[in-house]
$ cat structure-v1.txt   # compact mmCIF, C-alpha atoms
# COMPACT_ATOMS: atom_id res chain seq x y z
CA MET A 1 59.36 -5.83 299.83
CA SER A 2 62.45 -6.08 297.71
CA GLU A 3 64.49 -2.99 297.35
CA ARG A 4 65.01 -1.38 293.94
CA PRO A 5 68.59 -0.97 292.84
CA PRO A 6 69.84 2.54 293.26
CA ILE A 7 69.82 4.72 290.15
CA SER A 8 73.28 5.88 289.33
CA PRO A 9 73.36 9.54 288.63
CA ARG A 10 74.03 10.64 285.05
CA SER A 11 75.60 13.82 283.95
CA PRO A 12 73.30 16.31 282.24
CA ARG A 13 75.06 15.76 278.96
CA ALA A 14 74.71 12.01 279.18
CA ALA A 15 71.05 12.38 280.01
CA LEU A 16 70.47 14.27 276.78
CA GLU A 17 72.02 11.57 274.59
CA PRO A 18 69.70 8.83 273.18
CA GLU A 19 69.89 5.47 274.68
CA GLN A 20 71.60 2.80 272.66
CA VAL A 21 69.07 0.35 271.18
CA PRO A 22 70.31 -3.15 270.51
CA PRO A 23 70.47 -4.00 266.76
CA PRO A 24 67.72 -6.26 265.30
CA PRO A 25 68.53 -9.91 265.02
CA LYS A 26 69.98 -10.90 261.70
CA ARG A 27 67.67 -12.75 259.22
CA SER A 28 68.50 -16.34 258.83
CA GLU A 29 70.12 -17.58 255.72
CA ARG A 30 66.91 -19.53 254.89
CA ALA A 31 64.73 -16.40 254.94
CA ARG A 32 67.11 -14.65 252.57
CA ASN A 33 66.87 -17.55 250.11
CA PRO A 34 65.45 -16.25 246.72
CA PHE A 35 63.23 -19.31 246.32
CA VAL A 36 61.53 -18.52 249.62
CA VAL A 37 61.03 -14.91 248.56
CA VAL A 38 59.52 -15.93 245.22
CA GLY A 39 57.35 -18.54 246.90
CA ASN A 40 55.96 -16.00 249.34
CA ALA A 41 55.22 -13.63 246.45
CA ILE A 42 53.43 -16.37 244.53
CA ILE A 43 51.33 -17.31 247.52
CA THR A 44 50.38 -13.69 248.02
CA ILE A 45 49.42 -13.29 244.38
CA LEU A 46 47.39 -16.50 244.47
CA ILE A 47 45.50 -15.35 247.51
CA ILE A 48 44.73 -12.06 245.84
CA LEU A 49 43.62 -13.87 242.66
CA MET A 50 41.40 -16.25 244.63
CA ILE A 51 39.75 -13.37 246.39
CA GLY A 52 39.28 -11.59 243.05
CA ALA A 53 37.93 -14.71 241.35
CA GLY A 54 35.52 -15.32 244.17
CA THR A 55 34.31 -11.77 243.93
CA VAL A 56 33.92 -12.00 240.13
CA TYR A 57 32.13 -15.37 240.44
CA TYR A 58 29.74 -14.02 243.04
CA TYR A 59 28.85 -10.90 241.09
CA GLY A 60 28.91 -12.75 237.75
CA ARG A 61 26.46 -15.31 239.07
CA GLN A 62 24.29 -12.52 240.34
CA MET A 63 24.31 -10.94 236.87
CA LEU A 64 23.42 -14.26 235.20
CA GLU A 65 20.63 -15.16 237.59
CA THR A 66 19.02 -11.78 238.17
CA PRO A 67 15.56 -11.52 236.49
CA GLY A 68 15.68 -9.51 233.29
CA PRO A 69 13.76 -6.36 232.34
CA LEU A 70 11.08 -7.96 230.13
CA ARG A 71 7.59 -7.31 231.45
CA GLU A 72 5.99 -9.75 229.00
CA ASP A 73 7.08 -12.43 226.54
CA LYS A 74 8.73 -11.01 223.46
CA ILE A 75 9.84 -12.35 220.08
CA VAL A 76 13.19 -11.12 218.75
CA ASN A 77 14.82 -12.00 215.44
CA ILE A 78 18.55 -12.77 215.55
CA PRO A 79 19.81 -12.29 211.99
CA SER A 80 22.09 -14.81 210.36
CA ARG A 81 25.84 -14.18 210.54
CA ALA A 82 25.35 -11.86 213.53
CA GLY A 83 28.34 -11.63 215.87
CA LYS A 84 28.14 -11.78 219.64
CA ARG A 85 28.26 -7.99 219.89
CA ASP A 86 25.50 -7.68 217.27
CA ILE A 87 23.34 -10.14 219.22
CA ALA A 88 23.97 -8.25 222.44
CA ASP A 89 23.06 -4.94 220.81
CA ALA A 90 19.84 -6.42 219.38
CA LEU A 91 18.81 -7.85 222.75
CA LEU A 92 19.60 -4.57 224.49
CA ARG A 93 17.67 -2.61 221.87
CA GLU A 94 14.62 -4.87 222.25
CA GLY A 95 14.72 -4.61 226.03
CA VAL A 96 15.48 -8.30 226.61
CA ILE A 97 18.63 -7.46 228.60
CA ASN A 98 19.62 -4.30 230.46
CA VAL A 99 23.35 -4.90 230.92
CA ASN A 100 26.35 -3.68 229.01
CA PRO A 101 26.90 -5.72 225.81
CA TRP A 102 30.31 -6.76 227.14
CA VAL A 103 28.62 -8.28 230.17
CA PHE A 104 26.48 -10.36 227.81
CA ILE A 105 29.59 -11.42 225.90
CA GLY A 106 31.28 -12.29 229.19
CA GLY A 107 28.29 -14.40 230.15
CA VAL A 108 28.49 -16.20 226.80
CA PHE A 109 32.14 -17.08 227.46
CA ALA A 110 31.41 -18.04 231.05
CA LEU A 111 28.73 -20.46 229.89
CA LYS A 112 31.04 -21.79 227.14
CA ALA A 113 28.49 -20.89 224.49
CA SER A 114 30.53 -18.65 222.21
CA SER A 115 30.32 -21.08 219.28
CA ASP A 116 26.74 -22.24 219.93
CA LEU A 117 24.75 -19.05 219.33
CA LYS A 118 22.30 -19.71 216.49
CA PRO A 119 20.40 -17.17 214.37
CA GLY A 120 16.62 -17.28 214.23
CA GLU A 121 13.44 -15.91 215.71
CA TYR A 122 13.25 -16.53 219.46
CA SER A 123 10.57 -16.04 222.07
CA PHE A 124 12.03 -14.77 225.35
CA GLN A 125 9.91 -15.21 228.45
CA LYS A 126 8.92 -12.52 230.88
CA ASN A 127 11.77 -11.58 233.27
CA ALA A 128 14.15 -13.95 231.49
CA SER A 129 17.55 -13.84 233.18
CA LEU A 130 20.78 -13.45 231.23
CA ARG A 131 21.37 -17.19 231.64
CA ASP A 132 17.87 -17.93 230.28
CA VAL A 133 18.42 -15.63 227.31
CA ILE A 134 21.72 -17.26 226.37
CA ALA A 135 20.28 -20.76 226.87
CA THR A 136 17.32 -19.97 224.60
CA ILE A 137 19.65 -18.92 221.77
CA VAL A 138 22.01 -21.86 222.32
CA GLU A 139 19.17 -24.41 222.25
CA GLY A 140 18.03 -23.03 218.91
CA LYS A 141 14.33 -23.43 219.73
CA VAL A 142 13.13 -20.87 217.25
CA VAL A 143 9.53 -19.68 216.98
CA GLN A 144 7.38 -21.97 214.84
CA HIS A 145 4.70 -20.23 212.75
CA ALA A 146 1.52 -22.19 212.01
CA VAL A 147 0.64 -22.07 208.31
CA THR A 148 -2.65 -23.57 207.09
CA ILE A 149 -2.90 -24.82 203.52
CA PRO A 150 -6.65 -25.13 202.80
CA GLU A 151 -8.02 -28.24 201.18
CA GLY A 152 -9.14 -28.03 197.58
CA LEU A 153 -6.66 -25.39 196.39
CA THR A 154 -4.73 -25.89 193.19
CA SER A 155 -0.94 -25.97 193.23
CA GLU A 156 -0.88 -22.51 191.65
CA GLN A 157 -3.09 -21.15 194.42
CA ILE A 158 -0.92 -22.74 197.11
CA VAL A 159 2.27 -21.29 195.62
CA ALA A 160 0.59 -17.88 195.51
CA ARG A 161 -0.23 -18.15 199.22
CA LEU A 162 3.36 -19.09 200.04
CA THR A 163 4.63 -16.19 197.95
CA ASP A 164 2.42 -13.74 199.85
CA ASN A 165 3.57 -15.04 203.25
CA ASP A 166 6.54 -12.98 204.44
CA ILE A 167 7.88 -15.56 206.90
CA PHE A 168 9.25 -17.55 203.96
CA ALA A 169 12.31 -16.80 201.85
CA GLY A 170 13.30 -17.48 198.28
CA SER A 171 11.03 -18.45 195.41
CA VAL A 172 9.50 -21.58 193.92
CA ARG A 173 11.54 -22.56 190.88
CA GLU A 174 9.00 -24.93 189.35
CA MET A 175 5.23 -25.22 189.80
CA PRO A 176 4.43 -28.45 191.67
CA ARG A 177 2.37 -31.01 189.79
CA GLU A 178 -1.34 -30.80 190.60
CA GLY A 179 -2.40 -33.06 193.44
CA THR A 180 1.09 -33.61 194.88
CA LEU A 181 0.73 -31.23 197.85
CA LEU A 182 -1.04 -32.22 201.07
CA PRO A 183 -3.30 -29.49 202.51
CA GLU A 184 -2.81 -29.34 206.26
CA THR A 185 -1.61 -27.06 209.04
CA TYR A 186 2.18 -26.99 209.25
CA LYS A 187 4.67 -25.16 211.44
CA PHE A 188 7.72 -23.43 209.99
CA PRO A 189 10.39 -21.13 211.45
CA ARG A 190 10.84 -17.72 209.88
CA GLY A 191 13.28 -17.79 207.01
CA THR A 192 12.30 -21.24 205.73
CA THR A 193 12.67 -21.25 201.95
CA ARG A 194 9.57 -21.77 199.85
CA GLU A 195 11.28 -24.67 198.11
CA GLN A 196 11.66 -26.37 201.51
CA VAL A 197 7.96 -25.77 202.21
CA ILE A 198 6.95 -27.32 198.89
CA HIS A 199 9.22 -30.30 199.54
CA ARG A 200 7.64 -30.85 202.96
CA LEU A 201 4.11 -30.69 201.53
CA GLN A 202 5.08 -33.20 198.85
CA GLN A 203 6.69 -35.57 201.33
CA SER A 204 3.61 -35.41 203.57
CA GLN A 205 1.37 -36.17 200.60
CA LYS A 206 3.47 -39.19 199.59
CA ARG A 207 3.39 -40.58 203.12
CA VAL A 208 -0.37 -40.10 203.59
CA LEU A 209 -1.19 -41.39 200.10
CA ALA A 210 0.87 -44.55 200.67
CA GLU A 211 -0.91 -45.23 203.97
CA ILE A 212 -4.39 -44.74 202.48
CA TRP A 213 -3.63 -46.70 199.30
CA GLU A 214 -2.37 -49.59 201.43
CA ARG A 215 -5.67 -49.92 203.31
CA ARG A 216 -8.04 -49.04 200.45
CA ASN A 217 -11.21 -51.03 199.83
CA PRO A 218 -10.26 -53.91 197.52
CA ASP A 219 -13.38 -53.24 195.44
CA VAL A 220 -12.41 -49.64 194.67
CA LEU A 221 -12.33 -49.02 190.92
CA VAL A 222 -9.33 -46.69 190.71
CA LYS A 223 -6.29 -48.50 189.35
CA SER A 224 -3.44 -46.46 190.82
CA PRO A 225 -2.62 -43.92 193.51
CA ASP A 226 -2.65 -41.20 190.84
CA GLN A 227 -6.23 -42.07 189.91
CA LEU A 228 -7.12 -42.07 193.61
CA ILE A 229 -5.83 -38.50 193.88
CA THR A 230 -7.83 -37.47 190.82
CA LEU A 231 -11.07 -38.90 192.21
CA ALA A 232 -10.36 -37.42 195.65
CA SER A 233 -9.80 -33.98 194.12
CA ILE A 234 -13.27 -34.09 192.51
CA ILE A 235 -14.82 -35.17 195.83
CA GLU A 236 -12.92 -32.34 197.55
CA LYS A 237 -14.40 -29.73 195.22
CA GLU A 238 -17.94 -31.15 195.41
CA THR A 239 -18.44 -31.08 199.19
CA GLY A 240 -16.79 -29.74 202.28
CA ARG A 241 -18.94 -31.71 204.72
CA ALA A 242 -17.16 -34.55 206.47
CA ASP A 243 -20.34 -36.63 206.69
CA GLU A 244 -20.89 -36.46 202.93
CA ARG A 245 -17.50 -37.23 201.44
CA SER A 246 -17.78 -41.02 201.43
CA ARG A 247 -21.30 -40.80 199.97
CA VAL A 248 -20.21 -38.42 197.21
CA ALA A 249 -17.37 -40.86 196.56
CA ALA A 250 -19.96 -43.63 196.27
CA VAL A 251 -21.92 -41.69 193.62
CA PHE A 252 -18.85 -41.28 191.43
CA THR A 253 -17.71 -44.86 192.07
CA ASN A 254 -21.15 -46.17 191.07
CA ARG A 255 -21.05 -44.08 187.91
CA LEU A 256 -17.60 -45.37 187.04
CA ARG A 257 -18.77 -48.92 187.59
CA GLN A 258 -21.79 -48.42 185.34
CA ARG A 259 -19.73 -46.50 182.75
CA ILE A 260 -21.83 -43.36 183.25
CA LYS A 261 -20.20 -39.99 182.73
CA LEU A 262 -19.28 -38.33 186.03
CA GLN A 263 -20.65 -34.93 184.94
CA SER A 264 -18.95 -32.98 187.69
CA ASP A 265 -19.06 -29.20 187.30
CA PRO A 266 -15.70 -28.52 189.04
CA THR A 267 -13.99 -30.51 186.29
CA ILE A 268 -15.48 -28.15 183.69
CA ILE A 269 -14.14 -25.18 185.63
CA TYR A 270 -10.65 -26.66 185.87
CA GLY A 271 -10.68 -27.27 182.14
CA LEU A 272 -11.54 -23.59 181.62
CA VAL A 273 -9.21 -21.88 184.11
CA GLY A 274 -6.64 -24.54 185.00
CA GLY A 275 -4.60 -23.84 188.10
CA LYS A 276 -6.31 -20.52 188.80
CA GLY A 277 -9.00 -22.63 190.44
CA THR A 278 -12.06 -20.39 190.38
CA LEU A 279 -14.21 -19.22 187.50
CA GLY A 280 -15.81 -16.27 189.27
CA ARG A 281 -19.20 -16.76 187.62
CA PRO A 282 -21.71 -19.53 186.88
CA ILE A 283 -20.91 -22.06 184.21
CA LYS A 284 -22.45 -21.21 180.84
CA ARG A 285 -24.59 -23.66 178.92
CA SER A 286 -22.10 -23.74 176.04
CA GLU A 287 -19.26 -24.58 178.45
CA ILE A 288 -21.05 -27.71 179.65
CA THR A 289 -20.84 -29.19 176.17
CA GLN A 290 -17.49 -27.66 175.29
CA PRO A 291 -14.90 -30.39 174.59
CA SER A 292 -12.07 -30.47 177.13
CA PRO A 293 -9.87 -33.25 178.55
CA TYR A 294 -11.29 -32.29 181.96
CA ASN A 295 -14.95 -31.87 181.03
CA THR A 296 -16.58 -34.96 182.55
CA TYR A 297 -19.84 -34.08 180.83
CA VAL A 298 -18.03 -34.97 177.61
CA ILE A 299 -15.30 -37.49 178.46
CA GLU A 300 -15.73 -41.00 179.82
CA GLY A 301 -14.37 -41.84 183.26
CA LEU A 302 -11.89 -39.75 185.20
CA PRO A 303 -10.14 -36.67 183.82
CA PRO A 304 -6.42 -37.01 182.97
CA GLY A 305 -5.30 -35.65 186.33
CA PRO A 306 -6.36 -34.01 189.61
CA ILE A 307 -8.24 -30.73 189.56
CA ALA A 308 -6.97 -29.65 193.00
CA ASN A 309 -4.95 -30.84 195.97
CA PRO A 310 -7.28 -33.01 198.06
CA GLY A 311 -6.98 -33.37 201.80
CA ARG A 312 -6.61 -36.53 203.82
CA ALA A 313 -10.37 -36.93 204.38
CA SER A 314 -11.18 -36.84 200.67
CA LEU A 315 -8.39 -39.31 199.92
CA GLU A 316 -9.85 -41.61 202.57
CA ALA A 317 -13.33 -41.25 201.04
CA ALA A 318 -12.06 -42.04 197.55
CA ALA A 319 -10.30 -45.15 198.86
CA ASN A 320 -13.26 -46.26 200.97
CA PRO A 321 -16.54 -45.03 199.44
CA ALA A 322 -19.83 -45.66 201.18
CA ARG A 323 -21.75 -48.76 200.16
CA THR A 324 -24.74 -47.17 198.44
CA ARG A 325 -26.34 -47.32 195.00
CA ASP A 326 -26.75 -43.56 194.74
CA LEU A 327 -26.22 -42.03 191.29
CA PHE A 328 -27.40 -38.44 191.91
CA PHE A 329 -27.04 -35.68 194.46
CA VAL A 330 -28.37 -32.14 194.66
CA ALA A 331 -28.10 -29.31 197.19
CA ASP A 332 -30.80 -29.65 199.84
CA GLY A 333 -30.94 -25.99 200.85
CA THR A 334 -29.28 -26.52 204.24
CA GLY A 335 -25.66 -26.63 203.17
CA GLY A 336 -25.75 -30.36 202.42
CA HIS A 337 -26.96 -32.60 199.61
CA ALA A 338 -29.84 -34.95 198.94
CA PHE A 339 -28.75 -38.29 197.44
CA THR A 340 -30.92 -40.55 195.29
CA GLU A 341 -30.67 -43.72 193.25
CA THR A 342 -33.21 -42.78 190.58
CA TYR A 343 -33.51 -39.84 188.30
CA ASP A 344 -37.22 -39.37 189.05
CA GLN A 345 -36.58 -38.97 192.77
CA HIS A 346 -33.68 -36.73 191.97
CA GLN A 347 -35.92 -34.44 189.92
CA LYS A 348 -38.25 -34.14 192.91
CA ASN A 349 -35.29 -33.04 195.04
CA VAL A 350 -34.38 -30.48 192.40
CA ALA A 351 -37.96 -29.18 192.46
CA LYS A 352 -37.77 -28.80 196.25
CA LEU A 353 -34.59 -26.78 195.89
CA ARG A 354 -36.18 -24.55 193.26
CA ALA A 355 -39.20 -23.95 195.48
CA LEU A 356 -36.89 -22.97 198.31
CA GLU A 357 -35.00 -20.61 195.99
CA LYS A 358 -38.21 -18.90 194.94
CA GLN A 359 -39.25 -18.55 198.54
CA ILE A 360 -36.00 -16.85 199.51
CA GLN A 361 -35.19 -14.88 196.38
CA ASN A 362 -37.45 -11.89 195.74
CA ASP A 363 -35.67 -10.27 192.84
CA THR A 364 -34.92 -11.85 189.49
CA VAL A 365 -32.62 -10.65 186.74
CA GLU A 366 -32.48 -11.40 183.10
CA PRO A 367 -29.88 -14.07 182.28
CA SER A 368 -26.75 -12.89 180.58
CA GLU A 369 -25.81 -13.91 177.07
CA ASP A 370 -25.06 -17.61 176.83
CA ALA A 371 -26.37 -18.04 180.37
CA PRO A 372 -26.15 -21.24 182.43
CA PRO A 373 -28.97 -23.78 182.39
CA PRO A 374 -32.16 -22.44 183.97
CA THR A 375 -31.88 -24.82 186.92
CA SER A 376 -28.41 -23.65 188.00
CA ALA A 377 -27.93 -23.65 191.74
CA GLY A 378 -25.09 -21.18 191.27
CA ALA A 379 -23.23 -22.22 194.40
CA PRO A 380 -20.32 -19.87 195.12
CA ALA A 381 -16.80 -21.23 195.24
CA ASP A 382 -14.77 -22.25 198.28
CA THR A 383 -16.85 -20.67 201.03
CA ASN A 384 -18.01 -23.72 202.96
CA PRO A 385 -17.81 -23.07 206.67
CA THR A 386 -17.91 -26.78 207.41
CA ALA A 387 -14.66 -27.55 205.65
CA THR A 388 -11.92 -28.99 207.85
CA THR A 389 -9.61 -26.14 206.94
CA PRO A 390 -10.37 -22.52 205.95
CA ARG A 391 -11.54 -21.88 202.40
CA PRO A 392 -10.52 -18.88 200.31
CA ALA A 393 -13.29 -16.34 199.86
CA ALA A 394 -15.24 -16.68 196.65
CA PRO A 395 -15.30 -13.83 194.13
CA LYS A 396 -18.61 -12.05 193.95
CA LYS A 397 -20.80 -13.61 191.30
CA PRO A 398 -22.31 -11.46 188.56
CA PRO A 399 -26.11 -11.30 188.73
CA ALA A 400 -26.62 -13.60 185.76
CA ARG A 401 -28.92 -15.75 187.82
CA PRO A 402 -29.94 -15.71 191.49
CA ALA A 403 -27.88 -18.12 193.54
CA ALA A 404 -29.34 -20.77 195.78
CA PRO A 405 -28.27 -19.43 199.17
CA ALA A 406 -28.03 -22.80 200.86
CA ALA A 407 -26.80 -24.89 197.98
CA ALA A 408 -23.48 -26.58 198.69
CA PRO A 409 -21.55 -23.42 199.49
CA GLY A 410 -18.29 -25.27 199.77
CA ARG A 411 -17.36 -25.84 196.18
CA GLN A 412 -17.06 -23.99 192.90
CA GLY A 413 -19.44 -24.86 190.12
CA ALA A 414 -22.72 -26.44 191.07
CA ALA A 415 -24.60 -25.87 187.84
CA GLN A 416 -27.50 -28.33 187.77
CA SER A 417 -28.56 -29.40 184.34
CA THR A 418 -31.86 -30.69 183.06
CA MET A 419 -30.14 -32.65 180.34
CA THR A 420 -31.30 -36.16 179.63
CA PRO A 421 -30.57 -38.63 182.41
CA PRO A 422 -28.43 -39.82 183.91
CA VAL A 423 -26.93 -36.55 185.12
CA VAL A 424 -25.14 -35.87 188.39
CA GLN A 425 -26.95 -33.03 190.06
CA ARG A 426 -25.35 -30.93 192.78
$ encode --input "structure-v1.txt" --output "structure tokens"
Amino acid sequence: MSERPPISPRSPRAALEPEQVPPPPKRSERARNPFVVVGNAIITILIILMIGAGTVYYYGRQMLETPGPLREDKIVNIPSRAGKRDIADALLREGVINVNPWVFIGGVFALKASSDLKPGEYSFQKNASLRDVIATIVEGKVVQHAVTIPEGLTSEQIVARLTDNDIFAGSVREMPREGTLLPETYKFPRGTTREQVIHRLQQSQKRVLAEIWERRNPDVLVKSPDQLITLASIIEKETGRADERSRVAAVFTNRLRQRIKLQSDPTIIYGLVGGKGTLGRPIKRSEITQPSPYNTYVIEGLPPGPIANPGRASLEAAANPARTRDLFFVADGTGGHAFTETYDQHQKNVAKLRALEKQIQNDTVEPSEDAPPPTSAGAPADTNPTATTPRPAAPKKPPARPAAPAAAPGRQGAAQSTMTPPVVQR
């Protein structure tokens, strides 16, 4: 073993003094360089920022992707000119989001959507995340409301329906010309102006009319698309059954060809009430002979214009009537009509209908003053359940004469006359 060097004795005073520590080495000139100092500070700050950004990204992504509080789909209206804070408050109030409005605004900026938020009525899905909510508003896929315009309504009746529907805005400045609107089911977002709705109905009618006119039967007697609409409007008001339209069209076409008056009751009604559409009572005997530009018991050929807005099916029927020689039709008691070529056979069909009426009706009432012809079927207006689109409910008829319960319930005015032949019976 090696020997340790001997420890030199120290005086007590020297032992109490601290030992001398060698001074630290001097920093190099390079380390004291200000550029190095600044560089180190920048690196440190960058590292701190990276860690902070990573943390924000992680938690921000969690906030964007976490399922939202909605327990079922919900529709929320975002008003026009609403700011991002207003949108956030509305979504929070409706329970679509459950985060601070500033978190929503931050998500909007993070997704670069601050200038893409669109007003409107939106449907948010169950448990929609914050990202889903923002994407729904950015895409602008607003809720579309289905609006059905029934066939056979007048323009005045259609405008009234649009006025009563609160999803639309504005007013209709000018009443559309009769027959220029296409009855159909449309979809509109809330806030669509009524003028825009009218324009769309008119554009649809022009497109459909052009298509049908292009492929019309070359033997059809109408001379123009306007006359086609007029004939189709009469067909529309006479029957709501799809299997009868072309045959009703044939009756009127045959009458036009043989220069026989059309004698359609709905034309009398339109001449009496115009765009209001419904008379609310049976036609009186005096009204059948009352001169009117629309009374086809008096005038020759077609009336001067449509009496309603016909649907596509009636336009098709007018352009392509069935190939029959029928000149008469009358309600058959089952919701349809019986068609005949001769007046004698037609009178037998009328007698069958009257027998059915007597069998069903137990009570009779005295006819009112200036009552309709004694053979009136008295069919109520616009209640046909077989129509392709819903019909407005008919006003309750006064008890001037018992109605035939199964007589053509789809159209207003089915007064059946016993005037000298030929007469169109419904």
$ residues_around --input "structure-v1.txt" --residues "Ile137 of chain A" --least-positions-apart "2" --cutoff "6 Å" --atoms "only C-alpha atoms" --output "list in words"
Leu117, Lys118, Ile134, Ala135, Glu139 and Gly140 of chain A
$ atom_distance --input "structure-v1.txt" --atom1 "atom CA of Thr239 of chain A" --atom2 "atom CA of Tyr294 of chain A"
18.7 Å
$ residues_around --input "structure-v1.txt" --residues "Gln203 of chain A" --least-positions-apart "3" --cutoff "9 Å" --atoms "all atoms listed in the file" --output "PyMOL selection string"
chain A and resi 180-182+198-200+206-208
$ closest_residue --input "structure-v1.txt" --among "A:Thr136, A:Ala128, A:Val103, A:Ile43" --to "Ile78 of chain A" --atoms "only C-alpha atoms"
A:Thr136
$ residues_around --input "structure-v1.txt" --residues "Ala160 of chain A" --least-positions-apart "3" --cutoff "12 Å" --atoms "only C-alpha atoms" --output "ChimeraX atom specification"
/A:149,153-157,163-166,171-172,175-176,194,198,275-277
$ closest_residue --input "structure-v1.txt" --among "A:Arg312, A:Lys358, A:Arg259, A:Arg216" --to "Glu184 of chain A" --atoms "only C-alpha atoms"
A:Arg312
$ residues_around --input "structure-v1.txt" --residues "Thr185 of chain A" --least-positions-apart "2" --cutoff "12 Å" --atoms "all atoms listed in the file" --output "list in words"
Gln144, His145, Ala146, Val147, Thr148, Ile149, Pro150, Glu151, Leu182, Pro183, Lys187, Phe188, Val197, Arg200, Leu201, Ser204, Gly311, Arg312, Thr388, Thr389 and Pro390 of chain A
$ closest_residue --input "structure-v1.txt" --among "A:Ile51, A:Ala82, A:Glu121, A:Leu209" --to "Ile167 of chain A" --atoms "all atoms listed in the file"
A:Glu121
